[in-house]
Amino acid sequence: MTDLNIPGGQATPDIVADSTIGLMTMRGDSYPENALDLFGPVISWVQDFLSSTDIPFRIELELLYLNTSSIRAMMDIFDILEDAHGAGRQVAVIWYYHDDNQRVGELAEEFREDYTFLFDIVSR
Amino acid sequence: MTQSYDELQKRIETLLVDPANQDHPLADAVKELCRHLDEHMRRLERITMLSDSYQSMVLERETDLCNRFEHQLRRIGRIMRISDRYQGMLRDANLRLQEVSNLDPLTGVPNRRVLMTRLQEASQLAAEGDFSFVVGMLDIDHFKAINDHYGHQTGDRALVTVARSLCSDLRATDLCGRWGGEEFLLLLPNVSPADARTILERKLAAIRGLQIDTGHGKTLNLTMSAGLAEHDVDEAISSTINRADAALYLAKRQGRDQVAP
């Protein structure tokens, strides 16, 4: 399957996905005017990857600001992971944030609340 | 009812196989009737079964919809909560930025940008009537000599100490900030030039009493000169500032450590 490489802009994060190692990373701010344009292909990629391979999947996040539609898109992705986890797939999310911005860590915790798969929040 | 129907069935069957009834004219018709009845009963059972399974399917779907609805409700709640927190984060970042862009980074007092904005506003208010203000321009005497003699660190310390002294003990409506370099500006609304002069003289006296740490276990004293100008409703704010500046240089020429005119 093809890999994803969406370079970030002023309002969008860098999104890179490598199917050979089962890793997706997102870095930056996300407040696009149309979140579906940005996250639609990302969500499809995650679905394709989970259904066409059986290697463990990990998402590493370093997101700072998210607008409401981006929050929703992230939840869509996490819901897909939760379903895969329920079906026995090995999935994980690691959310990195900087020490000097504790509130980003608190927000990541708010995201984590309902999920049962491995969801680490790491300050650095 | 089922029991009596079964009994009836048995009774009819017994009667039908009884050789005594073999040639009865009703025997064939009764046999036919029983077959029909049987078929109807089977059909009724099938309909009942289909109807029941359809009902349970609808019930299942309704439960599923309910669950999905609950799930979406929870999700919306979480999205709102997270979104609100992001918004709060942005708001605070905004306030911090505003603070940073309004305050002089060295002394922590309002910078020239804020002073200029407030001077424009004051001038606008004065033009609308019933409002006046005096601009005081203050400058540290021989500041270059302090820098040259004690170094920039001491110079910076002097600026911080002076800023703190000048900008404290003011009325809530007064504004004090760093105009640039070693120059400070006081915006004093609704005071007479005489009262403004008293305020500035009090400020200069306070400055005279300051002891600036030179970092070598010694302290140094300094003085400031001040010029004041009352805003004239007919003039541009730049003109008021220029007059305060001119007054400041008059104070310098007249021997420093004093208020002019």
# chains A, B, ... in the order shown; residues from 1 in each chain; ligands from 1
$ residues_around --residues "Met1 (chain A)" --least-positions-apart "6" --cutoff "10 Å" --atoms "only C-alpha atoms" --output "count of residues only"
8
$ closest_atom_pairs --of "chain A" --to "chain B" --cutoff "7 Å" --atoms "only C-alpha atoms" --output "Markdown table"
| residue | atom | partner | partner_atom | distance |
| --- | --- | --- | --- | --- |
| A:Tyr65 | CA | B:Tyr86 | CA | 6.7 |
| A:Asn67 | CA | B:Ser83 | CA | 6.9 |
| A:Thr68 | CA | B:Ser83 | CA | 5.6 |
| A:Ile71 | CA | B:Ile79 | CA | 6.5 |
| A:Arg72 | CA | B:Ile79 | CA | 6.6 |
| A:Leu107 | CA | B:Ile82 | CA | 6.5 |
| A:Glu110 | CA | B:Ile82 | CA | 6.8 |
$ select_by_dssp --residues "region 131-231 of chain B" --states "alpha helix (DSSP H)" --output "PyMOL selection string"
chain B and resi 143-150+152-166+193-208
$ write_last_selection --atoms "N, CA, C and O atoms" --output "compact mmCIF listing (two decimals), in the first residue's frame"
# COMPACT_ATOMS: atom_id res chain seq x y z
N PHE B 143 23.13 59.70 31.70
CA PHE B 143 22.98 58.25 31.70
C PHE B 143 24.14 57.57 30.97
O PHE B 143 24.62 56.51 31.37
N LYS B 144 24.61 58.24 29.90
CA LYS B 144 25.70 57.65 29.11
C LYS B 144 26.94 57.46 30.00
O LYS B 144 27.64 56.44 29.90
N ALA B 145 27.14 58.42 30.89
CA ALA B 145 28.30 58.34 31.79
C ALA B 145 28.18 57.14 32.73
O ALA B 145 29.17 56.46 33.03
N ILE B 146 26.93 56.85 33.18
CA ILE B 146 26.71 55.70 34.06
C ILE B 146 27.06 54.41 33.31
O ILE B 146 27.80 53.56 33.81
N ASN B 147 26.55 54.32 32.08
CA ASN B 147 26.85 53.15 31.25
C ASN B 147 28.35 53.00 31.02
O ASN B 147 28.90 51.91 31.16
N ASP B 148 28.98 54.13 30.66
CA ASP B 148 30.41 54.09 30.35
C ASP B 148 31.23 53.72 31.58
O ASP B 148 32.19 52.96 31.50
N HIS B 149 30.85 54.27 32.70
CA HIS B 149 31.66 54.11 33.91
C HIS B 149 31.43 52.80 34.63
O HIS B 149 32.37 52.14 35.09
N TYR B 150 30.14 52.39 34.71
CA TYR B 150 29.82 51.18 35.50
C TYR B 150 29.45 49.97 34.63
O TYR B 150 29.28 48.87 35.14
N HIS B 152 27.03 48.27 31.21
CA HIS B 152 25.62 48.21 30.81
C HIS B 152 24.73 47.54 31.84
O HIS B 152 23.56 47.87 31.98
N GLN B 153 25.32 46.57 32.57
CA GLN B 153 24.50 45.89 33.58
C GLN B 153 23.99 46.86 34.63
O GLN B 153 22.81 46.83 34.99
N THR B 154 24.91 47.74 35.08
CA THR B 154 24.50 48.75 36.06
C THR B 154 23.52 49.72 35.42
O THR B 154 22.53 50.14 36.05
N GLY B 155 23.79 50.07 34.16
CA GLY B 155 22.87 50.96 33.43
C GLY B 155 21.47 50.37 33.38
O GLY B 155 20.48 51.06 33.65
N ASP B 156 21.40 49.06 33.06
CA ASP B 156 20.09 48.39 33.00
C ASP B 156 19.42 48.39 34.37
O ASP B 156 18.21 48.61 34.50
N ARG B 157 20.25 48.14 35.40
CA ARG B 157 19.69 48.12 36.76
C ARG B 157 19.13 49.50 37.11
O ARG B 157 18.08 49.61 37.74
N ALA B 158 19.84 50.54 36.68
CA ALA B 158 19.37 51.91 36.94
C ALA B 158 18.01 52.13 36.27
O ALA B 158 17.08 52.67 36.88
N LEU B 159 17.90 51.66 35.00
CA LEU B 159 16.64 51.84 34.26
C LEU B 159 15.49 51.13 34.96
O LEU B 159 14.39 51.68 35.09
N VAL B 160 15.75 49.90 35.43
CA VAL B 160 14.71 49.13 36.10
C VAL B 160 14.27 49.83 37.39
O VAL B 160 13.07 49.98 37.67
N THR B 161 15.26 50.29 38.18
CA THR B 161 14.96 50.94 39.46
C THR B 161 14.19 52.24 39.24
O THR B 161 13.21 52.53 39.95
N VAL B 162 14.64 53.02 38.25
CA VAL B 162 13.98 54.29 37.95
C VAL B 162 12.54 54.04 37.49
O VAL B 162 11.59 54.70 37.95
N ALA B 163 12.37 53.04 36.60
CA ALA B 163 11.03 52.73 36.07
C ALA B 163 10.08 52.38 37.21
O ALA B 163 8.94 52.84 37.26
N ARG B 164 10.58 51.56 38.14
CA ARG B 164 9.75 51.11 39.25
C ARG B 164 9.33 52.31 40.10
O ARG B 164 8.17 52.43 40.50
N SER B 165 10.28 53.21 40.34
CA SER B 165 10.00 54.39 41.17
C SER B 165 9.00 55.33 40.48
O SER B 165 8.02 55.76 41.08
N LEU B 166 9.27 55.61 39.19
CA LEU B 166 8.42 56.56 38.47
C LEU B 166 6.98 56.04 38.33
O LEU B 166 6.03 56.80 38.45
N PRO B 193 -1.55 72.25 35.12
CA PRO B 193 -0.09 72.23 34.94
C PRO B 193 0.65 72.39 36.27
O PRO B 193 1.69 71.76 36.48
N ALA B 194 0.07 73.18 37.18
CA ALA B 194 0.71 73.39 38.49
C ALA B 194 0.75 72.09 39.29
O ALA B 194 1.79 71.73 39.87
N ASP B 195 -0.39 71.37 39.29
CA ASP B 195 -0.43 70.09 40.01
C ASP B 195 0.50 69.07 39.36
O ASP B 195 1.15 68.28 40.04
N ALA B 196 0.54 69.10 38.02
CA ALA B 196 1.42 68.18 37.29
C ALA B 196 2.86 68.46 37.68
O ALA B 196 3.67 67.52 37.87
N ARG B 197 3.18 69.73 37.79
CA ARG B 197 4.53 70.12 38.17
C ARG B 197 4.88 69.57 39.55
O ARG B 197 5.98 69.06 39.77
N THR B 198 3.92 69.66 40.48
CA THR B 198 4.13 69.13 41.83
C THR B 198 4.39 67.63 41.78
O THR B 198 5.30 67.10 42.46
N ILE B 199 3.58 66.95 40.95
CA ILE B 199 3.75 65.49 40.83
C ILE B 199 5.16 65.17 40.31
O ILE B 199 5.87 64.33 40.87
N LEU B 200 5.58 65.90 39.26
CA LEU B 200 6.89 65.64 38.66
C LEU B 200 8.01 65.96 39.65
O LEU B 200 9.01 65.25 39.73
N GLU B 201 7.84 67.05 40.40
CA GLU B 201 8.88 67.40 41.39
C GLU B 201 9.00 66.33 42.46
O GLU B 201 10.10 66.00 42.91
N ARG B 202 7.82 65.77 42.83
CA ARG B 202 7.84 64.69 43.81
C ARG B 202 8.56 63.47 43.24
O ARG B 202 9.34 62.81 43.93
N LYS B 203 8.33 63.22 41.95
CA LYS B 203 8.99 62.09 41.30
C LYS B 203 10.50 62.29 41.28
O LYS B 203 11.28 61.38 41.57
N LEU B 204 10.95 63.52 40.94
CA LEU B 204 12.38 63.80 40.88
C LEU B 204 13.03 63.65 42.25
O LEU B 204 14.15 63.15 42.38
N ALA B 205 12.28 64.03 43.29
CA ALA B 205 12.80 63.90 44.66
C ALA B 205 12.99 62.42 45.00
O ALA B 205 14.00 62.02 45.61
N ALA B 206 12.02 61.60 44.57
CA ALA B 206 12.10 60.16 44.84
C ALA B 206 13.31 59.57 44.12
O ALA B 206 14.04 58.73 44.68
N ILE B 207 13.52 60.03 42.88
CA ILE B 207 14.65 59.52 42.09
C ILE B 207 15.98 59.86 42.79
O ILE B 207 16.90 59.04 42.87
N ARG B 208 16.05 61.07 43.31
CA ARG B 208 17.26 61.54 44.00
C ARG B 208 17.61 60.62 45.17
O ARG B 208 18.77 60.43 45.51
$ residues_around --residues "Arg113 (chain B)" --least-positions-apart "5" --cutoff "10 Å" --atoms "only C-alpha atoms" --output "list in words"
Ser101, Asn102, Leu103, Asp104, Arg118, Leu119, Gly177, Arg178 and Trp179 of chain B
$ atom_distance --atom1 "CA of Met75 (chain A)" --atom2 "CA of Gly9 (chain A)"
21.7 Å
$ select_by_dssp --residues "region 65-198 of chain B" --states "strand (DSSP E or B)" --output "mmCIF file with N, CA, C and O atoms, in the first residue's frame"
data_model
loop_
_atom_site.group_PDB
_atom_site.id
_atom_site.type_symbol
_atom_site.label_atom_id
_atom_site.label_comp_id
_atom_site.auth_asym_id
_atom_site.auth_seq_id
_atom_site.Cartn_x
_atom_site.Cartn_y
_atom_site.Cartn_z
ATOM 1 N N LEU B 103 4.421 45.595 27.054
ATOM 2 C CA LEU B 103 5.350 45.941 28.126
ATOM 3 C C LEU B 103 6.793 45.996 27.626
ATOM 4 O O LEU B 103 7.203 45.205 26.784
ATOM 5 N N PRO B 110 4.829 49.810 30.754
ATOM 6 C CA PRO B 110 4.293 49.970 29.393
ATOM 7 C C PRO B 110 5.336 50.552 28.426
ATOM 8 O O PRO B 110 6.149 51.392 28.811
ATOM 9 N N PHE B 133 -5.239 66.786 29.679
ATOM 10 C CA PHE B 133 -4.135 66.010 30.245
ATOM 11 C C PHE B 133 -2.806 66.718 30.059
ATOM 12 O O PHE B 133 -2.641 67.574 29.187
ATOM 13 N N VAL B 134 -1.865 66.345 30.935
ATOM 14 C CA VAL B 134 -0.523 66.908 30.872
ATOM 15 C C VAL B 134 0.445 65.768 30.551
ATOM 16 O O VAL B 134 0.290 64.657 31.066
ATOM 17 N N VAL B 135 1.388 66.046 29.657
ATOM 18 C CA VAL B 135 2.407 65.055 29.329
ATOM 19 C C VAL B 135 3.704 65.447 30.028
ATOM 20 O O VAL B 135 4.157 66.582 29.929
ATOM 21 N N GLY B 136 4.252 64.521 30.785
ATOM 22 C CA GLY B 136 5.551 64.769 31.425
ATOM 23 C C GLY B 136 6.602 63.888 30.762
ATOM 24 O O GLY B 136 6.413 62.681 30.630
ATOM 25 N N MET B 137 7.693 64.513 30.319
ATOM 26 C CA MET B 137 8.765 63.754 29.686
ATOM 27 C C MET B 137 9.953 63.793 30.640
ATOM 28 O O MET B 137 10.387 64.872 31.047
ATOM 29 N N LEU B 138 10.467 62.629 31.029
ATOM 30 C CA LEU B 138 11.556 62.588 32.017
ATOM 31 C C LEU B 138 12.754 61.830 31.458
ATOM 32 O O LEU B 138 12.587 60.823 30.765
ATOM 33 N N ASP B 139 13.947 62.322 31.777
ATOM 34 C CA ASP B 139 15.155 61.713 31.227
ATOM 35 C C ASP B 139 16.221 61.632 32.317
ATOM 36 O O ASP B 139 16.410 62.580 33.096
ATOM 37 N N ILE B 140 16.893 60.469 32.380
ATOM 38 C CA ILE B 140 17.938 60.307 33.400
ATOM 39 C C ILE B 140 19.141 61.178 33.021
ATOM 40 O O ILE B 140 19.589 61.172 31.872
ATOM 41 N N LEU B 175 -0.742 57.219 33.464
ATOM 42 C CA LEU B 175 -0.007 56.168 32.763
ATOM 43 C C LEU B 175 1.465 56.544 32.743
ATOM 44 O O LEU B 175 1.834 57.696 32.499
ATOM 45 N N CYS B 176 2.296 55.558 33.056
ATOM 46 C CA CYS B 176 3.733 55.798 33.074
ATOM 47 C C CYS B 176 4.381 54.699 32.251
ATOM 48 O O CYS B 176 4.029 53.525 32.378
ATOM 49 N N GLY B 177 5.309 55.074 31.371
ATOM 50 C CA GLY B 177 5.968 54.054 30.565
ATOM 51 C C GLY B 177 7.330 54.511 30.091
ATOM 52 O O GLY B 177 7.741 55.653 30.319
ATOM 53 N N ARG B 178 8.021 53.557 29.440
ATOM 54 C CA ARG B 178 9.355 53.888 28.913
ATOM 55 C C ARG B 178 9.190 54.354 27.470
ATOM 56 O O ARG B 178 8.705 53.627 26.610
ATOM 57 N N TRP B 179 9.612 55.587 27.250
ATOM 58 C CA TRP B 179 9.446 56.186 25.931
ATOM 59 C C TRP B 179 10.546 55.710 24.974
ATOM 60 O O TRP B 179 10.358 55.638 23.771
ATOM 61 N N GLY B 180 11.668 55.346 25.571
ATOM 62 C CA GLY B 180 12.795 54.890 24.759
ATOM 63 C C GLY B 180 14.087 55.237 25.478
ATOM 64 O O GLY B 180 14.128 56.213 26.224
ATOM 65 N N GLU B 183 14.568 57.554 28.535
ATOM 66 C CA GLU B 183 13.489 58.526 28.590
ATOM 67 C C GLU B 183 12.168 57.863 29.003
ATOM 68 O O GLU B 183 11.819 56.803 28.484
ATOM 69 N N PHE B 184 11.472 58.495 29.929
ATOM 70 C CA PHE B 184 10.179 57.967 30.392
ATOM 71 C C PHE B 184 9.108 59.018 30.178
ATOM 72 O O PHE B 184 9.405 60.214 30.116
ATOM 73 N N LEU B 185 7.868 58.562 30.063
ATOM 74 C CA LEU B 185 6.776 59.511 29.832
ATOM 75 C C LEU B 185 5.657 59.270 30.843
ATOM 76 O O LEU B 185 5.324 58.136 31.158
ATOM 77 N N LEU B 186 5.127 60.372 31.359
ATOM 78 C CA LEU B 186 3.976 60.291 32.257
ATOM 79 C C LEU B 186 2.796 60.971 31.586
ATOM 80 O O LEU B 186 2.922 62.092 31.100
ATOM 81 N N LEU B 187 1.671 60.264 31.558
ATOM 82 C CA LEU B 187 0.441 60.850 31.030
ATOM 83 C C LEU B 187 -0.478 61.089 32.215
ATOM 84 O O LEU B 187 -0.902 60.143 32.888
ATOM 85 N N LEU B 188 -0.750 62.372 32.504
ATOM 86 C CA LEU B 188 -1.530 62.722 33.702
ATOM 87 C C LEU B 188 -2.847 63.383 33.289
ATOM 88 O O LEU B 188 -2.858 64.570 32.942
ATOM 89 N N PRO B 189 -3.956 62.640 33.314
ATOM 90 C CA PRO B 189 -5.236 63.212 32.902
ATOM 91 C C PRO B 189 -5.836 64.121 33.984
ATOM 92 O O PRO B 189 -5.637 63.875 35.178
#
